[in-house]
Amino acid sequence: MNYRTHIVSSLSEIGQAAWDGLALAQERANPFLSYAFLHALHESGSASADSGWQPQFITLFDGDELAAAMPLYVKMHSYGEYVFDWAWADAYHRNGLEYYPKLLSAIPFTPVTGPRLMAVDARARAALVKVLLATQKASAVSSTHILYPPEDQAQMLAGAGFMLRSGVQFHWLNAGYKDFDEFLATLEQKKRKNIRAERRKVREAGVTLRRVRGIDATDADWRLFNRCYKHTYAAHHSTPYLNLDFFQRIGRTMPQNILLVIAERDGKPIASSLVIHSEDTLFGRYWGELEYVPCLHFETAYYQPLEFCIEQGIAAFEGGAQGEHKMARGFLPTRTWSAHWLAHPAFADAIERFLEREAGGIDDYIDELNERNPFR
């Protein structure tokens with residue numbers, strides 16, 4: 001294999017043209033893999049060495065061509081991942097072992113399935129896996145975790161010695177509906193009635209909604225969204241992962257992938273949501289409110305984006321992590337994957353047994369969810 005391996009701490013070492021040329025050409029690629037999104041996370045400090053996310057991207061070059069790449073971080077904690085390993089870290093700690101640092105391949109704060117083993121062909125992808133194995137064994141890390149790869153890449157990692165873990169998300173599929181009412185007509189009567197009642201509560205509260213495409217979003221819109229986002233985190237006694245600099249950066253560099261929904265009452269903005277989309281998929285992302293209005297979260301973060309999908313002919317709406325309540329709004333369970341390697345043999349054996357038990361529970365859970373299909 002005549003590839004030149006390079007570990008990069010900044011995407012600027014690769015350049016946008018080379019990175020996007022590889023990343024966005026992958027099957028199941030999405031905007032979160034783009035140079036614009038990742039570079040904004042790093043440069044804003046949201047995902048940086050100072051915040052416990054040290055970029056250590058693996059890249060393979062064939063001459064001057066970027067032949068393979070993997071988003072990879074040295075992590076000093078487990079925040080912002082959505083595939084939870086806190087119990088594993090606690091078990092290490094109770095046995096006098098260090099769990100951090102660890103290696104993590106993921107899009108920070110983004111539980112969205114997408115390529116993690118990006119390559120121009122199967123040969124380059126196989127070489128990338130070999131470099132990953134060599135990197136983790138040569139590093140002073142407890143473990144490596146690859147979150148939300150597509151199933152074929154998860155199975156490839158399993159063949160390389162990783163343990164697989166599955167989870168559940170809820171996705172909405174567009175059956176070519178001509179409008180929101182046609183979609184509602186496909187749901188069970190009770191669920192249809194509840195959705196109409198939720199939307200009516202928002203209207204009766206005097207709230208109006210406007211959808212702002214990224215290309216039309218102003219600095220005032222971004223400052224409003226950031227206020228809403230921060231306020232909601234504070235209300236839950238938590239610290240936001242992202243900052244205004246990040247939002248302004250993606251507003252400038254990837255506006256074609258952005259939709260803001262802004263809620264107003266008496267001419268005053270009171271809430272906002274932000275979704276990211278490609279031509280065929282919309283991804284639910286961030287939400288915040290300055291004033292509480294019953295059902296406003298559903299209207300702003302679900303129903304308005306659903307209407308946008310129908311109007312734009314977008315095929316799917318991925319609702320993000322967790323949330324059985326999404327099923328009542330037409331979202332269906334979808335299996336997700338992650339892959340894990342642990343350096344300590346005894347802990348690896350224990351976690352493998354845990355994952356085997358957990359997998360049976362996930363299978364039963366998905367079967368149970370499918371029995372509660374919300375459609376007529």
# chains A, B, ... in the order shown; residues from 1 in each chain; ligands from 1
>>> closest_atom_pairs(of="segment 120-188 of chain A", to="segment 193-210 of chain A", cutoff="10 Å", atoms="only C-alpha atoms", output="CSV")
residue,atom,partner,partner_atom,distance
A:Asp181,CA,A:Arg196,CA,9.7
A:Leu184,CA,A:Ile195,CA,8.3
A:Leu187,CA,A:Lys193,CA,9.5
A:Glu188,CA,A:Lys193,CA,8.7
>>> residues_around(residues="Ile58 of chain A", least_positions_apart="2", cutoff="7 Å", atoms="only C-alpha atoms", output="list in words")
His6, Ile7, Val8, Gln56, Leu60, Ala69, Met70, Pro71 and Leu72 of chain A
>>> closest_residue(among="A:Phe347, A:Tyr365, A:Trp341, A:Trp172", to="Leu133 of chain A", atoms="only C-alpha atoms")
A:Trp341
>>> closest_residue(among="A:Arg213, A:Ala29, A:Leu22, A:Trp53", to="Ala124 of chain A", atoms="only C-alpha atoms")
A:Leu22
>>> closest_atom_pairs(of="segment 164-281 of chain A", to="segment 307-312 of chain A", cutoff="12 Å", atoms="only C-alpha atoms", output="tab-separated table")
residue	atom	partner	partner_atom	distance
A:Trp172	CA	A:Cys309	CA	9.9
A:Leu173	CA	A:Cys309	CA	9.6
A:Asn174	CA	A:Ile310	CA	7.0
A:Ala175	CA	A:Ile310	CA	9.1
A:Gly176	CA	A:Ile310	CA	7.4
A:Tyr177	CA	A:Ile310	CA	6.2
A:Lys178	CA	A:Ile310	CA	6.7
A:Asp179	CA	A:Ile310	CA	6.2
A:Phe180	CA	A:Glu307	CA	5.9
A:Asp181	CA	A:Glu307	CA	9.7
A:Glu182	CA	A:Ile310	CA	10.0
A:Phe183	CA	A:Ile310	CA	8.9
A:Leu184	CA	A:Glu307	CA	11.1
A:Arg210	CA	A:Phe308	CA	11.3
A:Arg211	CA	A:Phe308	CA	8.6
A:Val212	CA	A:Phe308	CA	10.9
A:Arg213	CA	A:Phe308	CA	10.5
A:Ile258	CA	A:Phe308	CA	11.7
A:Leu259	CA	A:Phe308	CA	9.1
A:Leu260	CA	A:Phe308	CA	11.0
A:Val261	CA	A:Phe308	CA	10.3
A:Val275	CA	A:Phe308	CA	10.6
A:Ile276	CA	A:Cys309	CA	11.6
A:His277	CA	A:Cys309	CA	9.4
A:Ser278	CA	A:Cys309	CA	10.7
A:Glu279	CA	A:Gln312	CA	8.6
A:Asp280	CA	A:Cys309	CA	8.8
A:Thr281	CA	A:Cys309	CA	8.3
>>> residues_around(residues="His145 of chain A", least_positions_apart="4", cutoff="9 Å", atoms="only C-alpha atoms", output="VMD selection string")
chain A and resid 102 to 106 162 338 to 342
>>> write_last_selection(atoms="all heavy atoms", output="PDB file, in the first residue's frame")
ATOM      1  N   LYS A 102      -9.536   8.775  25.436  1.00  0.00           N
ATOM      2  CA  LYS A 102     -10.006   7.733  24.526  1.00  0.00           C
ATOM      3  C   LYS A 102     -10.055   8.332  23.124  1.00  0.00           C
ATOM      4  O   LYS A 102      -9.977   9.563  22.954  1.00  0.00           O
ATOM      5  CB  LYS A 102     -11.389   7.244  24.953  1.00  0.00           C
ATOM      6  CG  LYS A 102     -12.482   8.317  24.832  1.00  0.00           C
ATOM      7  CD  LYS A 102     -13.846   7.780  25.235  1.00  0.00           C
ATOM      8  CE  LYS A 102     -14.928   8.843  24.982  1.00  0.00           C
ATOM      9  NZ  LYS A 102     -16.281   8.346  25.302  1.00  0.00           N
ATOM     10  N   LEU A 103     -10.168   7.488  22.111  1.00  0.00           N
ATOM     11  CA  LEU A 103     -10.326   7.940  20.735  1.00  0.00           C
ATOM     12  C   LEU A 103     -11.793   7.846  20.344  1.00  0.00           C
ATOM     13  O   LEU A 103     -12.477   6.874  20.696  1.00  0.00           O
ATOM     14  CB  LEU A 103      -9.482   7.098  19.776  1.00  0.00           C
ATOM     15  CG  LEU A 103      -7.961   7.238  19.874  1.00  0.00           C
ATOM     16  CD1 LEU A 103      -7.282   6.287  18.891  1.00  0.00           C
ATOM     17  CD2 LEU A 103      -7.519   8.680  19.600  1.00  0.00           C
ATOM     18  N   LEU A 104     -12.265   8.835  19.623  1.00  0.00           N
ATOM     19  CA  LEU A 104     -13.665   8.881  19.210  1.00  0.00           C
ATOM     20  C   LEU A 104     -13.755   9.341  17.767  1.00  0.00           C
ATOM     21  O   LEU A 104     -13.233  10.400  17.405  1.00  0.00           O
ATOM     22  CB  LEU A 104     -14.443   9.860  20.093  1.00  0.00           C
ATOM     23  CG  LEU A 104     -15.919   9.995  19.734  1.00  0.00           C
ATOM     24  CD1 LEU A 104     -16.715   8.877  20.381  1.00  0.00           C
ATOM     25  CD2 LEU A 104     -16.480  11.342  20.159  1.00  0.00           C
ATOM     26  N   SER A 105     -14.436   8.557  16.935  1.00  0.00           N
ATOM     27  CA  SER A 105     -14.758   8.980  15.572  1.00  0.00           C
ATOM     28  C   SER A 105     -16.246   9.302  15.527  1.00  0.00           C
ATOM     29  O   SER A 105     -17.094   8.415  15.684  1.00  0.00           O
ATOM     30  CB  SER A 105     -14.429   7.889  14.558  1.00  0.00           C
ATOM     31  OG  SER A 105     -14.748   8.332  13.247  1.00  0.00           O
ATOM     32  N   ALA A 106     -16.556  10.571  15.351  1.00  0.00           N
ATOM     33  CA  ALA A 106     -17.941  11.038  15.374  1.00  0.00           C
ATOM     34  C   ALA A 106     -17.971  12.466  14.868  1.00  0.00           C
ATOM     35  O   ALA A 106     -16.928  13.108  14.722  1.00  0.00           O
ATOM     36  CB  ALA A 106     -18.515  10.972  16.792  1.00  0.00           C
ATOM     37  N   PHE A 162     -13.726  -4.895  16.305  1.00  0.00           N
ATOM     38  CA  PHE A 162     -14.545  -4.002  17.118  1.00  0.00           C
ATOM     39  C   PHE A 162     -15.818  -4.721  17.563  1.00  0.00           C
ATOM     40  O   PHE A 162     -16.327  -5.608  16.878  1.00  0.00           O
ATOM     41  CB  PHE A 162     -14.918  -2.752  16.329  1.00  0.00           C
ATOM     42  CG  PHE A 162     -13.825  -1.727  16.232  1.00  0.00           C
ATOM     43  CD1 PHE A 162     -12.718  -1.931  15.417  1.00  0.00           C
ATOM     44  CD2 PHE A 162     -13.901  -0.547  16.954  1.00  0.00           C
ATOM     45  CE1 PHE A 162     -11.709  -0.985  15.330  1.00  0.00           C
ATOM     46  CE2 PHE A 162     -12.901   0.401  16.873  1.00  0.00           C
ATOM     47  CZ  PHE A 162     -11.794   0.177  16.058  1.00  0.00           C
ATOM     48  N   SER A 338     -22.929   1.636  16.463  1.00  0.00           N
ATOM     49  CA  SER A 338     -21.639   2.154  16.913  1.00  0.00           C
ATOM     50  C   SER A 338     -20.701   0.974  17.062  1.00  0.00           C
ATOM     51  O   SER A 338     -21.132  -0.183  17.177  1.00  0.00           O
ATOM     52  CB  SER A 338     -21.757   2.944  18.221  1.00  0.00           C
ATOM     53  OG  SER A 338     -22.268   2.126  19.263  1.00  0.00           O
ATOM     54  N   ALA A 339     -19.376   1.251  17.035  1.00  0.00           N
ATOM     55  CA  ALA A 339     -18.367   0.193  17.114  1.00  0.00           C
ATOM     56  C   ALA A 339     -17.349   0.581  18.180  1.00  0.00           C
ATOM     57  O   ALA A 339     -16.958   1.755  18.272  1.00  0.00           O
ATOM     58  CB  ALA A 339     -17.688  -0.005  15.760  1.00  0.00           C
ATOM     59  N   HIS A 340     -16.895  -0.410  18.967  1.00  0.00           N
ATOM     60  CA  HIS A 340     -16.083  -0.120  20.142  1.00  0.00           C
ATOM     61  C   HIS A 340     -14.936  -1.119  20.274  1.00  0.00           C
ATOM     62  O   HIS A 340     -15.122  -2.326  20.111  1.00  0.00           O
ATOM     63  CB  HIS A 340     -16.962  -0.172  21.398  1.00  0.00           C
ATOM     64  CG  HIS A 340     -18.190   0.670  21.296  1.00  0.00           C
ATOM     65  ND1 HIS A 340     -18.236   1.978  21.724  1.00  0.00           N
ATOM     66  CD2 HIS A 340     -19.420   0.403  20.772  1.00  0.00           C
ATOM     67  CE1 HIS A 340     -19.440   2.470  21.480  1.00  0.00           C
ATOM     68  NE2 HIS A 340     -20.174   1.539  20.910  1.00  0.00           N
ATOM     69  N   TRP A 341     -13.767  -0.585  20.609  1.00  0.00           N
ATOM     70  CA  TRP A 341     -12.577  -1.399  20.902  1.00  0.00           C
ATOM     71  C   TRP A 341     -12.011  -0.947  22.233  1.00  0.00           C
ATOM     72  O   TRP A 341     -11.887   0.253  22.478  1.00  0.00           O
ATOM     73  CB  TRP A 341     -11.533  -1.219  19.808  1.00  0.00           C
ATOM     74  CG  TRP A 341     -10.194  -1.837  20.124  1.00  0.00           C
ATOM     75  CD1 TRP A 341      -9.826  -3.132  19.893  1.00  0.00           C
ATOM     76  CD2 TRP A 341      -9.057  -1.191  20.723  1.00  0.00           C
ATOM     77  NE1 TRP A 341      -8.521  -3.325  20.311  1.00  0.00           N
ATOM     78  CE2 TRP A 341      -8.026  -2.160  20.824  1.00  0.00           C
ATOM     79  CE3 TRP A 341      -8.814   0.111  21.185  1.00  0.00           C
ATOM     80  CZ2 TRP A 341      -6.775  -1.853  21.364  1.00  0.00           C
ATOM     81  CZ3 TRP A 341      -7.572   0.410  21.726  1.00  0.00           C
ATOM     82  CH2 TRP A 341      -6.563  -0.566  21.803  1.00  0.00           C
ATOM     83  N   LEU A 342     -11.687  -1.908  23.107  1.00  0.00           N
ATOM     84  CA  LEU A 342     -11.094  -1.584  24.407  1.00  0.00           C
ATOM     85  C   LEU A 342      -9.767  -2.297  24.538  1.00  0.00           C
ATOM     86  O   LEU A 342      -9.652  -3.489  24.216  1.00  0.00           O
ATOM     87  CB  LEU A 342     -12.028  -1.972  25.546  1.00  0.00           C
ATOM     88  CG  LEU A 342     -13.262  -1.053  25.666  1.00  0.00           C
ATOM     89  CD1 LEU A 342     -14.450  -1.658  24.944  1.00  0.00           C
ATOM     90  CD2 LEU A 342     -13.581  -0.767  27.112  1.00  0.00           C
TER      91      LEU A 342
END
>>> atom_distance(atom1="atom CA of Phe247 of chain A", atom2="atom CA of Arg223 of chain A")
8.7 Å
>>> atom_distance(atom1="atom CA of Phe84 of chain A", atom2="atom CA of Arg335 of chain A")
15.8 Å
>>> closest_residue(among="A:Ile262, A:Leu306, A:Leu290, A:Ile351", to="Phe331 of chain A", atoms="only C-alpha atoms")
A:Leu306
>>> closest_atom_pairs(of="segment 76-171 of chain A", to="segment 31-48 of chain A", cutoff="9 Å", atoms="only C-alpha atoms", output="Markdown table")
| residue | atom | partner | partner_atom | distance |
| --- | --- | --- | --- | --- |
| A:Ile107 | CA | A:Phe32 | CA | 6.9 |
| A:Pro108 | CA | A:Ala47 | CA | 6.7 |
| A:Phe109 | CA | A:Ala47 | CA | 8.8 |
| A:Thr110 | CA | A:Phe32 | CA | 7.8 |
| A:Val112 | CA | A:Phe32 | CA | 8.3 |
| A:Gly114 | CA | A:Leu33 | CA | 7.8 |
| A:Pro115 | CA | A:Leu33 | CA | 8.3 |
>>> residues_around(residues="Ala68 of chain A", least_positions_apart="5", cutoff="8 Å", atoms="only C-alpha atoms", output="list in words")
Leu22, Thr59, Leu60, Phe61, Leu117, Met118, Ala119, Val120, Ala124, Arg125 and Leu128 of chain A
>>> select_by_dssp(residues="segment 63-154 of chain A", states="alpha helix (DSSP H)", output="NGL selection string")
:A and (86-94 or 122-138 or 151-154)
